>>> print(open('start11.cif').read())   # mmCIF, N, CA and C atoms
data_final
#
loop_
_atom_site.label_atom_id
_atom_site.label_comp_id
_atom_site.auth_asym_id
_atom_site.auth_seq_id
_atom_site.Cartn_x
_atom_site.Cartn_y
_atom_site.Cartn_z
N MET K 16 101.60 69.57 62.77
CA MET K 16 100.51 70.49 62.99
C MET K 16 101.01 71.63 63.88
N TYR K 17 100.73 72.84 63.50
CA TYR K 17 101.16 74.03 64.25
C TYR K 17 99.97 74.65 64.97
N SER K 18 100.16 74.94 66.23
CA SER K 18 99.09 75.60 66.97
C SER K 18 99.69 76.73 67.79
N SER K 19 98.98 77.81 67.92
CA SER K 19 99.49 78.95 68.70
C SER K 19 98.37 79.51 69.58
N ILE K 20 98.78 80.12 70.61
CA ILE K 20 97.83 80.79 71.51
C ILE K 20 98.14 82.28 71.47
N LEU K 21 97.14 83.04 71.20
CA LEU K 21 97.29 84.49 71.12
C LEU K 21 96.93 85.10 72.47
N THR K 22 97.86 85.80 73.05
CA THR K 22 97.62 86.49 74.32
C THR K 22 97.92 87.96 74.12
N PHE K 23 97.14 88.80 74.72
CA PHE K 23 97.41 90.23 74.65
C PHE K 23 96.91 90.90 75.92
N TYR K 24 97.43 92.07 76.15
CA TYR K 24 96.99 92.87 77.28
C TYR K 24 97.13 94.34 76.92
N VAL K 25 96.49 95.18 77.68
CA VAL K 25 96.52 96.62 77.43
C VAL K 25 97.27 97.29 78.57
N VAL K 26 98.17 98.16 78.20
CA VAL K 26 98.92 98.92 79.21
C VAL K 26 98.53 100.38 79.06
N ASP K 27 98.11 100.96 80.15
CA ASP K 27 97.74 102.38 80.16
C ASP K 27 98.95 103.20 80.55
N ASN K 28 99.62 103.76 79.57
CA ASN K 28 100.82 104.56 79.83
C ASN K 28 100.53 106.06 79.85
N TYR K 29 99.27 106.42 79.89
CA TYR K 29 98.92 107.83 79.90
C TYR K 29 99.05 108.39 81.30
N ALA K 30 99.54 109.60 81.39
CA ALA K 30 99.61 110.28 82.69
C ALA K 30 98.19 110.57 83.15
N PRO K 31 97.96 110.60 84.46
CA PRO K 31 96.62 110.92 84.94
C PRO K 31 96.23 112.33 84.53
N ALA K 32 94.95 112.55 84.38
CA ALA K 32 94.47 113.88 84.02
C ALA K 32 94.72 114.84 85.18
N ILE K 33 94.92 116.09 84.84
CA ILE K 33 95.13 117.09 85.88
C ILE K 33 93.83 117.27 86.66
N PRO K 34 93.92 117.71 87.92
CA PRO K 34 92.70 117.93 88.69
C PRO K 34 91.80 118.94 87.98
N GLU K 35 90.51 118.70 88.04
CA GLU K 35 89.56 119.60 87.39
C GLU K 35 89.27 120.79 88.29
N ASN K 36 89.21 121.97 87.70
CA ASN K 36 88.91 123.22 88.40
C ASN K 36 89.86 123.47 89.59
N LEU K 37 91.14 123.26 89.37
CA LEU K 37 92.14 123.46 90.42
C LEU K 37 92.23 124.95 90.77
N GLU K 38 92.14 125.25 92.07
CA GLU K 38 92.26 126.63 92.55
C GLU K 38 93.25 126.67 93.71
N ALA K 39 94.07 127.70 93.73
CA ALA K 39 95.00 127.93 94.84
C ALA K 39 94.71 129.31 95.41
N THR K 40 94.40 129.34 96.70
CA THR K 40 94.13 130.60 97.38
C THR K 40 94.96 130.66 98.65
N LYS K 41 94.96 131.81 99.30
CA LYS K 41 95.69 131.97 100.55
C LYS K 41 94.73 131.74 101.71
N SER K 42 95.10 130.85 102.62
CA SER K 42 94.25 130.59 103.78
C SER K 42 94.44 131.69 104.82
N THR K 43 93.71 131.60 105.93
CA THR K 43 93.78 132.63 106.96
C THR K 43 95.16 132.73 107.60
N ASN K 44 95.94 131.66 107.60
CA ASN K 44 97.30 131.71 108.17
C ASN K 44 98.36 131.87 107.08
N SER K 45 97.97 132.36 105.92
CA SER K 45 98.85 132.67 104.78
C SER K 45 99.49 131.45 104.12
N HIS K 46 99.00 130.27 104.39
CA HIS K 46 99.46 129.07 103.70
C HIS K 46 98.59 128.85 102.47
N PRO K 47 99.13 128.19 101.44
CA PRO K 47 98.31 127.94 100.25
C PRO K 47 97.20 126.94 100.57
N LEU K 48 96.03 127.21 100.03
CA LEU K 48 94.89 126.32 100.17
C LEU K 48 94.50 125.86 98.77
N LEU K 49 94.64 124.56 98.52
CA LEU K 49 94.33 123.99 97.20
C LEU K 49 92.97 123.33 97.25
N SER K 50 92.19 123.54 96.20
CA SER K 50 90.90 122.86 96.09
C SER K 50 90.67 122.51 94.63
N TRP K 51 89.95 121.40 94.39
CA TRP K 51 89.66 120.94 93.04
C TRP K 51 88.47 120.02 93.08
N ASP K 52 87.93 119.74 91.90
CA ASP K 52 86.82 118.79 91.77
C ASP K 52 87.40 117.40 91.56
N GLU K 53 86.66 116.41 92.00
CA GLU K 53 87.11 115.02 91.87
C GLU K 53 87.31 114.67 90.41
N ASN K 54 88.37 113.96 90.13
CA ASN K 54 88.66 113.52 88.78
C ASN K 54 87.75 112.34 88.42
N THR K 55 87.39 112.22 87.17
CA THR K 55 86.45 111.18 86.75
C THR K 55 87.12 109.91 86.25
N GLU K 56 88.45 109.82 86.36
CA GLU K 56 89.13 108.60 85.91
C GLU K 56 88.82 107.45 86.87
N TYR K 57 88.49 106.31 86.32
CA TYR K 57 88.10 105.18 87.15
C TYR K 57 89.27 104.60 87.95
N ASP K 58 90.49 104.76 87.47
CA ASP K 58 91.64 104.16 88.16
C ASP K 58 92.45 105.18 88.96
N MET K 59 91.85 106.33 89.25
CA MET K 59 92.53 107.37 90.01
C MET K 59 92.24 107.16 91.50
N ASP K 60 93.29 106.90 92.28
CA ASP K 60 93.12 106.64 93.70
C ASP K 60 93.36 107.87 94.57
N TYR K 61 94.38 108.64 94.25
CA TYR K 61 94.73 109.78 95.10
C TYR K 61 95.64 110.74 94.35
N TYR K 62 95.80 111.92 94.91
CA TYR K 62 96.77 112.89 94.43
C TYR K 62 97.86 113.05 95.48
N GLU K 63 99.05 113.40 95.03
CA GLU K 63 100.14 113.74 95.93
C GLU K 63 100.46 115.22 95.73
N ILE K 64 100.64 115.93 96.83
CA ILE K 64 100.98 117.35 96.80
C ILE K 64 102.46 117.47 97.13
N TRP K 65 103.23 118.04 96.21
CA TRP K 65 104.69 118.20 96.38
C TRP K 65 105.02 119.68 96.40
N LYS K 66 106.06 120.04 97.16
CA LYS K 66 106.53 121.42 97.22
C LYS K 66 108.04 121.43 97.02
N LYS K 67 108.49 122.36 96.19
CA LYS K 67 109.92 122.52 95.97
C LYS K 67 110.43 123.55 96.97
N GLY K 68 111.45 123.19 97.73
CA GLY K 68 111.92 124.04 98.82
C GLY K 68 113.04 124.97 98.43
N GLY K 69 113.21 126.01 99.22
CA GLY K 69 114.32 126.94 99.04
C GLY K 69 114.06 128.03 98.03
N LEU K 70 114.77 129.13 98.19
CA LEU K 70 114.62 130.26 97.28
C LEU K 70 115.25 129.99 95.92
N GLU K 71 116.28 129.20 95.88
CA GLU K 71 116.99 128.88 94.64
C GLU K 71 116.54 127.55 94.04
N GLY K 72 115.37 127.09 94.38
CA GLY K 72 114.90 125.81 93.86
C GLY K 72 114.89 124.76 94.94
N GLY K 73 115.98 124.04 95.09
CA GLY K 73 116.06 123.02 96.12
C GLY K 73 115.39 121.73 95.71
N ASP K 74 115.22 120.86 96.69
CA ASP K 74 114.63 119.54 96.44
C ASP K 74 113.12 119.57 96.59
N TRP K 75 112.47 118.60 95.96
CA TRP K 75 111.02 118.43 96.08
C TRP K 75 110.71 117.61 97.33
N HIS K 76 109.65 117.98 98.05
CA HIS K 76 109.24 117.28 99.27
C HIS K 76 107.75 116.97 99.19
N LEU K 77 107.39 115.73 99.52
CA LEU K 77 105.98 115.34 99.55
C LEU K 77 105.33 115.98 100.77
N LYS K 78 104.27 116.76 100.55
CA LYS K 78 103.61 117.46 101.64
C LYS K 78 102.31 116.78 102.06
N ALA K 79 101.59 116.17 101.13
CA ALA K 79 100.29 115.57 101.48
C ALA K 79 99.87 114.58 100.42
N THR K 80 99.05 113.64 100.83
CA THR K 80 98.40 112.70 99.92
C THR K 80 96.91 112.79 100.20
N THR K 81 96.12 112.93 99.16
CA THR K 81 94.67 113.07 99.38
C THR K 81 93.95 111.84 98.90
#
>>> encode(input="start11.cif", output="structure tokens")
Amino acid sequence: MYSSILTFYVVDNYAPAIPENLEATKSTNSHPLLSWDENTEYDMDYYEIWKKGGLEGGDWHLKATT
């Protein structure tokens, strides 16, 4: 007699959606000010803000986590 157990799972390999209504403006001290609406994805915990340094490109640096 042959018996089998069927197991399956779902993997979400999709990249998170981009922030909704993303705006970049200049603050009073000339630094960039980013604002956006909250994303509606249920599994979205936070965003990371990265900046690429140097005039010729350079390395990426994590600036903030929201």
>>> closest_residue(input="start11.cif", among="K:Leu49, K:Leu77, K:Leu70, K:Ile64", to="Leu37 in chain K", atoms="all atoms listed in the file")
K:Leu49
>>> atom_distance(input="start11.cif", atom1="CA of Trp51 in chain K", atom2="atom N of Lys67 in chain K")
19.1 Å
>>> resolve_selection(input="start11.cif", expression="the PyMOL selection byres ((chain K and resi 39) around 6.5)", output="ChimeraX atom specification")
/K:37-38,40-41,47-50
>>> atom_distance(input="start11.cif", atom1="atom C of His76 in chain K", atom2="atom C of Asp58 in chain K")
21.9 Å
>>> closest_residue(input="start11.cif", among="K:Asn28, K:Thr80, K:Ser42, K:Asn36", to="Tyr61 in chain K", atoms="only N, CA and C atoms")
K:Thr80
>>> axis_aligned_box(input="start11.cif", around="range 57-73 of chain K", padding_each_side="6 Å", output="JSON")
{"center_x": 102.5, "center_y": 117.2, "center_z": 92.8, "size_x": 40.9, "size_y": 38.1, "size_z": 24.9}
>>> closest_residue(input="start11.cif", among="K:Thr55, K:Asn44, K:Glu63, K:Glu35", to="Ala79 in chain K", atoms="only N, CA and C atoms")
K:Glu63
>>> atom_distance(input="start11.cif", atom1="CA of Tyr62 in chain K", atom2="CA of Ile33 in chain K")
9.7 Å
>>> select_by_dssp(input="start11.cif", residues="range 22-63 of chain K", states="strand (DSSP E or B)", output="number ranges by chain")
K: 35-41, 47-52, 63
